[in-house]
>>> print(open('protein06.tsv').read())   # TSV, C-alpha atoms
chain	number	residue	atom	x	y	z
E	1	THR	CA	9.34	7.61	-62.89
E	2	LEU	CA	9.94	7.34	-59.15
E	3	GLN	CA	9.97	4.09	-57.22
E	4	THR	CA	7.67	4.65	-54.25
E	5	GLY	CA	8.78	1.79	-52.04
E	6	THR	CA	5.17	1.22	-50.97
E	7	GLU	CA	1.87	-0.03	-52.35
E	8	LYS	CA	-0.15	2.49	-50.34
E	9	ASP	CA	-1.96	5.44	-51.88
E	10	PHE	CA	-0.69	8.97	-51.25
E	11	GLU	CA	-2.80	11.54	-49.44
E	12	CYS	CA	-0.76	14.59	-50.51
E	13	ILE	CA	2.57	15.49	-52.06
E	14	THR	CA	4.96	18.48	-52.03
E	15	VAL	CA	8.08	19.47	-53.98
E	16	SER	CA	10.92	21.61	-52.67
E	17	LYS	CA	11.44	24.93	-54.44
E	18	CYS	CA	14.84	23.86	-55.79
E	19	GLY	CA	13.33	20.67	-57.14
E	20	LYS	CA	15.84	18.49	-55.31
E	21	ARG	CA	13.36	16.82	-52.97
E	22	ILE	CA	9.84	15.40	-53.20
E	23	ALA	CA	7.83	14.31	-50.17
E	24	ALA	CA	4.51	12.48	-49.86
E	25	VAL	CA	2.20	11.27	-47.11
E	26	THR	CA	1.15	7.64	-47.48
E	27	GLY	CA	-2.57	6.78	-47.34
E	28	ILE	CA	-4.69	8.28	-44.62
E	29	TYR	CA	-5.05	5.03	-42.73
E	30	SER	CA	-4.33	4.90	-39.02
E	31	GLY	CA	-2.46	1.98	-37.54
E	32	GLU	CA	1.10	0.76	-37.28
E	33	THR	CA	2.09	1.85	-40.81
E	34	GLY	CA	-0.37	4.69	-41.34
E	35	GLY	CA	0.66	8.25	-42.02
E	36	SER	CA	4.32	7.70	-42.83
E	37	ILE	CA	6.33	10.19	-44.92
E	38	ILE	CA	8.38	9.20	-47.96
E	39	ILE	CA	11.06	11.64	-49.16
E	40	TRP	CA	12.93	11.36	-52.45
E	41	THR	CA	16.22	13.27	-52.81
E	42	LYS	CA	17.88	13.77	-56.22
E	43	ASP	CA	21.64	13.44	-56.46
E	44	ALA	CA	24.13	14.82	-59.01
E	45	ASN	CA	23.40	11.91	-61.36
E	46	ASN	CA	19.65	12.64	-61.30
E	47	SER	CA	19.00	9.47	-59.34
E	48	TYR	CA	16.73	9.47	-56.31
E	49	SER	CA	17.36	8.04	-52.88
E	50	ILE	CA	14.37	7.19	-50.67
E	51	LEU	CA	13.91	8.11	-47.02
E	52	ASN	CA	10.92	6.60	-45.18
E	53	ILE	CA	9.86	8.18	-41.88
E	54	PRO	CA	7.38	6.05	-39.87
E	55	GLY	CA	4.15	7.75	-38.85
E	56	LYS	CA	4.58	6.95	-35.17
E	57	LYS	CA	7.67	9.24	-35.08
E	58	LEU	CA	5.55	12.17	-36.27
E	59	THR	CA	3.24	12.47	-33.27
E	60	VAL	CA	3.42	13.90	-29.79
E	61	SER	CA	2.11	10.65	-28.27
E	62	GLY	CA	4.43	8.32	-30.20
E	63	GLN	CA	1.43	6.44	-31.64
E	64	SER	CA	0.68	6.30	-35.37
E	65	SER	CA	-1.61	9.07	-36.55
E	66	THR	CA	-3.23	9.82	-39.88
E	67	ARG	CA	-1.29	12.61	-41.63
E	68	TYR	CA	-2.95	15.27	-43.77
E	69	GLY	CA	-0.96	18.40	-44.64
E	70	ILE	CA	2.63	18.51	-45.87
E	71	ASP	CA	4.75	21.37	-47.21
E	72	PHE	CA	8.42	22.11	-47.93
E	73	ASN	CA	9.93	25.32	-46.63
E	74	HIS	CA	10.26	27.70	-49.60
E	75	PHE	CA	13.54	29.11	-48.29
E	76	PHE	CA	15.19	26.08	-46.66
E	77	SER	CA	14.76	23.03	-48.89
E	78	ASN	CA	15.89	20.64	-46.14
E	79	MET	CA	12.92	21.56	-43.91
E	80	LEU	CA	9.33	20.41	-44.26
E	81	CYS	CA	6.28	20.36	-42.04
E	82	THR	CA	3.37	17.95	-41.74
E	83	SER	CA	0.19	17.78	-39.66
E	84	GLY	CA	-2.12	15.07	-38.37
E	85	GLU	CA	-5.32	13.88	-36.77
E	86	ASP	CA	-3.83	14.09	-33.26
E	87	GLY	CA	-3.76	17.91	-33.44
E	88	GLY	CA	-0.01	17.95	-33.83
E	89	ILE	CA	2.45	19.55	-36.24
E	90	SER	CA	5.86	18.08	-37.05
E	91	LEU	CA	8.92	19.88	-38.42
E	92	ILE	CA	11.35	17.57	-40.21
E	93	TYR	CA	14.99	18.60	-40.78
E	94	ILE	CA	16.68	16.49	-43.47
E	95	GLU	CA	20.47	16.18	-43.37
E	96	ASP	CA	22.54	15.72	-46.53
E	97	SER	CA	23.72	12.42	-45.07
E	98	GLY	CA	20.16	11.10	-45.27
E	99	THR	CA	19.49	11.31	-41.54
E	100	TYR	CA	16.77	13.53	-40.10
E	101	GLN	CA	15.56	15.28	-36.96
E	102	ILE	CA	11.94	15.78	-35.96
E	103	ASP	CA	10.35	18.45	-33.77
E	104	ASN	CA	6.74	17.61	-32.76
E	105	TRP	CA	4.29	19.80	-30.86
E	106	LYS	CA	0.61	19.91	-29.96
E	107	ALA	CA	-0.87	22.72	-32.05
E	108	HIS	CA	-4.67	22.30	-32.06
E	109	ASP	CA	-7.47	20.56	-30.16
E	110	ASN	CA	-8.63	18.58	-33.21
E	111	ILE	CA	-7.41	17.35	-36.62
E	112	VAL	CA	-4.94	19.69	-38.35
E	113	ARG	CA	-6.02	19.57	-41.99
E	114	SER	CA	-3.36	21.79	-43.56
E	115	VAL	CA	-0.02	23.39	-42.82
E	116	ARG	CA	1.91	25.86	-45.04
E	117	PHE	CA	5.15	27.84	-44.78
E	118	ASN	CA	5.18	31.53	-45.66
E	119	ASN	CA	7.34	32.88	-48.49
E	120	SER	CA	10.29	33.76	-46.25
E	121	GLY	CA	10.21	30.40	-44.51
E	122	ASP	CA	10.22	31.72	-40.94
E	123	LYS	CA	6.53	31.09	-40.16
E	124	LEU	CA	3.86	28.53	-40.91
E	125	ILE	CA	0.08	28.58	-40.93
E	126	SER	CA	-2.19	25.73	-39.80
E	127	SER	CA	-5.92	25.06	-40.12
E	128	SER	CA	-7.90	22.72	-37.92
E	129	TRP	CA	-11.21	21.07	-37.20
E	130	ASP	CA	-11.15	22.96	-33.90
E	131	LYS	CA	-12.43	25.88	-36.08
E	132	THR	CA	-9.24	27.93	-35.79
E	133	VAL	CA	-6.35	29.06	-37.98
E	134	LYS	CA	-3.00	29.62	-36.29
E	135	ILE	CA	0.36	31.13	-37.24
E	136	TRP	CA	3.57	29.75	-35.70
E	137	THR	CA	7.26	30.61	-35.83
E	138	ALA	CA	9.01	27.87	-37.76
E	139	VAL	CA	12.09	27.49	-35.57
E	140	ASN	CA	10.72	27.31	-32.03
E	141	HIS	CA	6.98	26.95	-32.85
E	142	GLN	CA	5.83	29.96	-30.85
E	143	LEU	CA	2.16	30.84	-31.42
E	144	GLU	CA	1.88	34.32	-32.95
E	145	PHE	CA	-1.70	34.56	-34.21
E	146	THR	CA	-5.05	32.79	-33.85
E	147	TYR	CA	-8.15	33.37	-35.98
E	148	LYS	CA	-11.46	32.14	-34.51
E	149	GLY	CA	-13.97	33.52	-37.00
E	150	HIS	CA	-15.15	30.25	-38.57
E	151	SER	CA	-18.24	28.48	-37.25
E	152	ASN	CA	-17.25	25.03	-38.57
E	153	TYR	CA	-14.24	22.84	-39.32
E	154	VAL	CA	-11.48	24.77	-41.10
E	155	THR	CA	-10.17	22.56	-43.90
E	156	TYR	CA	-7.43	24.72	-45.45
E	157	ALA	CA	-5.54	28.00	-44.95
E	158	GLU	CA	-3.17	29.87	-47.27
E	159	TRP	CA	-0.93	32.94	-47.06
E	160	CYS	CA	-1.96	35.95	-49.17
E	161	ASN	CA	-0.81	39.48	-50.03
E	162	ASN	CA	2.89	38.96	-49.27
E	163	ASP	CA	2.06	37.17	-46.03
E	164	GLN	CA	0.08	40.18	-44.73
E	165	SER	CA	-3.20	38.27	-44.74
E	166	LEU	CA	-4.56	34.74	-44.80
E	167	CYS	CA	-7.39	33.01	-46.64
E	168	SER	CA	-9.12	30.02	-45.08
E	169	ILE	CA	-12.04	27.79	-46.00
E	170	ASP	CA	-14.35	25.78	-43.75
E	171	LEU	CA	-16.48	22.66	-44.19
E	172	TYR	CA	-19.43	24.59	-45.63
E	173	CYS	CA	-17.19	26.41	-48.11
E	174	TRP	CA	-17.11	29.83	-46.51
E	175	VAL	CA	-13.83	31.53	-47.44
E	176	HIS	CA	-12.52	34.16	-45.01
E	177	CYS	CA	-9.76	36.66	-45.77
E	178	VAL	CA	-8.18	38.07	-42.61
E	179	SER	CA	-5.42	40.58	-41.95
E	180	VAL	CA	-2.73	39.02	-39.77
E	181	ILE	CA	-1.59	42.52	-38.78
E	182	ASP	CA	-4.70	43.55	-36.84
E	183	ASP	CA	-6.92	40.41	-36.91
E	184	LYS	CA	-9.47	42.24	-39.07
E	185	LEU	CA	-11.84	40.25	-41.28
E	186	LEU	CA	-11.35	41.81	-44.72
E	187	TRP	CA	-14.09	39.83	-46.46
E	188	LYS	CA	-15.84	36.48	-46.57
E	189	THR	CA	-17.86	34.65	-49.20
E	190	LYS	CA	-19.44	31.25	-49.79
E	191	VAL	CA	-17.91	29.57	-52.87
E	192	PHE	CA	-19.78	26.24	-53.19
E	193	ASP	CA	-23.22	24.99	-52.11
E	194	ARG	CA	-21.98	21.70	-50.71
E	195	ALA	CA	-19.71	20.42	-47.97
E	196	GLY	CA	-16.00	20.29	-48.73
E	197	TRP	CA	-14.26	17.78	-46.47
E	198	GLN	CA	-11.06	18.23	-48.46
E	199	SER	CA	-10.18	21.59	-49.98
E	200	LEU	CA	-7.33	23.60	-51.44
E	201	ILE	CA	-6.60	27.34	-51.72
E	202	ARG	CA	-3.83	28.89	-53.77
E	203	HIS	CA	-2.92	32.57	-54.04
E	204	ILE	CA	-1.50	33.22	-57.52
E	205	ASN	CA	-0.62	36.79	-58.47
E	206	ASN	CA	-3.79	38.75	-57.57
E	207	PHE	CA	-6.14	35.78	-57.73
E	208	ILE	CA	-7.27	33.20	-55.19
E	209	ALA	CA	-8.19	29.75	-56.53
E	210	VAL	CA	-10.40	27.44	-54.45
E	211	CYS	CA	-11.35	23.82	-55.11
E	212	ILE	CA	-12.95	21.05	-53.03
E	213	ASN	CA	-13.14	17.27	-53.27
E	214	GLY	CA	-15.69	15.79	-55.66
E	215	ASN	CA	-16.24	19.07	-57.50
E	216	PRO	CA	-14.71	19.55	-60.97
E	217	GLU	CA	-14.97	23.35	-60.79
E	218	VAL	CA	-12.36	25.81	-59.52
E	219	TYR	CA	-13.67	29.02	-57.96
E	220	ILE	CA	-11.55	32.10	-58.73
E	221	LEU	CA	-11.59	35.17	-56.46
E	222	ASN	CA	-9.84	38.49	-57.02
>>> encode(input="protein06.tsv", output="structure tokens")
Amino acid sequence: TLQTGTEKDFECITVSKCGKRIAAVTGIYSGETGGSIIIWTKDANNSYSILNIPGKKLTVSGQSSTRYGIDFNHFFSNMLCTSGEDGGISLIYIEDSGTYQIDNWKAHDNIVRSVRFNNSGDKLISSSWDKTVKIWTAVNHQLEFTYKGHSNYVTYAEWCNNDQSLCSIDLYCWVHCVSVIDDKLLWKTKVFDRAGWQSLIRHINNFIAVCINGNPEVYILN
């Protein structure tokens, strides 16, 4: 059992591939304490130290911002990314000493609902309420790709097919699969007959699993 160090709810949580670190976004409330990140690091004795990063350090403006997405780099376990309502993305570099560095940048013109590293850890994908999906380099956050095919808020995006394509879902549950090589729409389909303000996509083997808030079903695509 982990001590959280806070009484706030968590919006989302991620675990590093090596299992050494766990990170969570505190409740989605704006304000002085809203959107902070808590990171637990396991030591050689299987005890956890806690690092709390205030939300106001994770924005371009320096003001607290609700945080949504969070993901550890699959290749570098000391790097994670997070996104927020201000349209920004933050890269956090965690030192073994317990200190950290943050690199913030303006990525979208509206809320960034999700952010995910690719398998090799050198790129990340973001989805936004500005109706776009973007791919960035992880180190210097250069924009490499933008998909503009959705007609509504994009609530989640995931890497697929060995990072050769992406799958994204919008508010009205249309899932798009797009080649990131030539920006070609490979297919699209509607998975639920209701709005999905919060959603999740996972690519597992040859299957794509989709779920949305308030719906007990998981839609499987292959």
>>> closest_residue(input="protein06.tsv", among="E:Gln142, E:Asn161, E:Thr189, E:Ser168", to="Asn206 (chain E)", atoms="all atoms listed in the file")
E:Asn161
>>> residues_around(input="protein06.tsv", residues="Ser49 (chain E)", least_positions_apart="2", cutoff="9 Å", atoms="all atoms listed in the file", output="VMD selection string")
chain E and resid 39 to 43 47 51 98
>>> write_last_selection(input="protein06.tsv", atoms="C-alpha atoms", output="PDB file, keeping the file's coordinate frame")
ATOM      1  CA  ILE E  39      11.060  11.640 -49.160  1.00  0.00           C
ATOM      2  CA  TRP E  40      12.930  11.360 -52.450  1.00  0.00           C
ATOM      3  CA  THR E  41      16.220  13.270 -52.810  1.00  0.00           C
ATOM      4  CA  LYS E  42      17.880  13.770 -56.220  1.00  0.00           C
ATOM      5  CA  ASP E  43      21.640  13.440 -56.460  1.00  0.00           C
ATOM      6  CA  SER E  47      19.000   9.470 -59.340  1.00  0.00           C
ATOM      7  CA  LEU E  51      13.910   8.110 -47.020  1.00  0.00           C
ATOM      8  CA  GLY E  98      20.160  11.100 -45.270  1.00  0.00           C
TER       9      GLY E  98
END
>>> atom_distance(input="protein06.tsv", atom1="CA of Cys160 (chain E)", atom2="CA of Val139 (chain E)")
21.3 Å
>>> atom_distance(input="protein06.tsv", atom1="CA of Glu144 (chain E)", atom2="CA of Ser77 (chain E)")
23.4 Å
>>> atom_distance(input="protein06.tsv", atom1="CA of Gly87 (chain E)", atom2="CA of Leu186 (chain E)")
27.5 Å
>>> build_atoms(input="protein06.tsv", residues="region 152-178 of chain E", atoms="N, CA and C atoms", output="CSV table (one decimal), in the coordinates of the input")
chain,number,residue,atom,x,y,z
E,152,ASN,N,-17.3,26.5,-38.3
E,152,ASN,CA,-17.2,25.0,-38.6
E,152,ASN,C,-15.8,24.6,-38.8
E,153,TYR,N,-15.6,23.3,-39.1
E,153,TYR,CA,-14.2,22.8,-39.3
E,153,TYR,C,-13.5,23.7,-40.4
E,154,VAL,N,-12.3,24.1,-40.1
E,154,VAL,CA,-11.5,24.8,-41.1
E,154,VAL,C,-10.6,23.7,-41.8
E,155,THR,N,-10.8,23.6,-43.1
E,155,THR,CA,-10.2,22.6,-43.9
E,155,THR,C,-8.9,23.0,-44.6
E,156,TYR,N,-8.7,24.3,-44.8
E,156,TYR,CA,-7.4,24.7,-45.4
E,156,TYR,C,-7.2,26.2,-45.2
E,157,ALA,N,-5.9,26.6,-45.1
E,157,ALA,CA,-5.5,28.0,-45.0
E,157,ALA,C,-4.3,28.3,-45.8
E,158,GLU,N,-4.3,29.5,-46.4
E,158,GLU,CA,-3.2,29.9,-47.3
E,158,GLU,C,-2.7,31.3,-47.0
E,159,TRP,N,-1.4,31.6,-47.2
E,159,TRP,CA,-0.9,32.9,-47.1
E,159,TRP,C,-1.3,33.8,-48.3
E,160,CYS,N,-1.6,35.1,-48.1
E,160,CYS,CA,-2.0,36.0,-49.2
E,160,CYS,C,-1.3,37.3,-49.0
E,161,ASN,N,-1.3,38.1,-50.1
E,161,ASN,CA,-0.8,39.5,-50.0
E,161,ASN,C,0.5,39.6,-49.3
E,162,ASN,N,1.5,38.9,-49.8
E,162,ASN,CA,2.9,39.0,-49.3
E,162,ASN,C,2.9,38.6,-47.8
E,163,ASP,N,2.1,37.7,-47.4
E,163,ASP,CA,2.1,37.2,-46.0
E,163,ASP,C,1.4,38.2,-45.1
E,164,GLN,N,0.7,39.2,-45.6
E,164,GLN,CA,0.1,40.2,-44.7
E,164,GLN,C,-1.3,39.8,-44.3
E,165,SER,N,-1.9,38.8,-45.0
E,165,SER,CA,-3.2,38.3,-44.7
E,165,SER,C,-3.3,36.8,-45.0
E,166,LEU,N,-4.3,36.2,-44.6
E,166,LEU,CA,-4.6,34.7,-44.8
E,166,LEU,C,-5.9,34.5,-45.4
E,167,CYS,N,-6.1,33.5,-46.2
E,167,CYS,CA,-7.4,33.0,-46.6
E,167,CYS,C,-7.6,31.6,-46.1
E,168,SER,N,-8.8,31.3,-45.6
E,168,SER,CA,-9.1,30.0,-45.1
E,168,SER,C,-10.5,29.6,-45.5
E,169,ILE,N,-10.8,28.3,-45.6
E,169,ILE,CA,-12.0,27.8,-46.0
E,169,ILE,C,-12.5,26.8,-45.0
E,170,ASP,N,-13.8,26.7,-44.7
E,170,ASP,CA,-14.4,25.8,-43.8
E,170,ASP,C,-15.2,24.7,-44.4
E,171,LEU,N,-15.7,23.8,-43.7
E,171,LEU,CA,-16.5,22.7,-44.2
E,171,LEU,C,-17.6,23.1,-45.1
E,172,TYR,N,-18.3,24.2,-44.8
E,172,TYR,CA,-19.4,24.6,-45.6
E,172,TYR,C,-19.0,25.6,-46.7
E,173,CYS,N,-17.7,25.6,-47.0
E,173,CYS,CA,-17.2,26.4,-48.1
E,173,CYS,C,-17.3,27.9,-48.0
E,174,TRP,N,-17.3,28.4,-46.7
E,174,TRP,CA,-17.1,29.8,-46.5
E,174,TRP,C,-15.6,30.2,-46.5
E,175,VAL,N,-15.2,31.1,-47.4
E,175,VAL,CA,-13.8,31.5,-47.4
E,175,VAL,C,-13.7,32.9,-46.7
E,176,HIS,N,-12.8,32.9,-45.8
E,176,HIS,CA,-12.5,34.2,-45.0
E,176,HIS,C,-11.1,34.7,-45.4
E,177,CYS,N,-11.1,36.0,-45.6
E,177,CYS,CA,-9.8,36.7,-45.8
E,177,CYS,C,-9.5,37.6,-44.6
E,178,VAL,N,-8.4,37.4,-43.9
E,178,VAL,CA,-8.2,38.1,-42.6
E,178,VAL,C,-6.8,38.7,-42.6
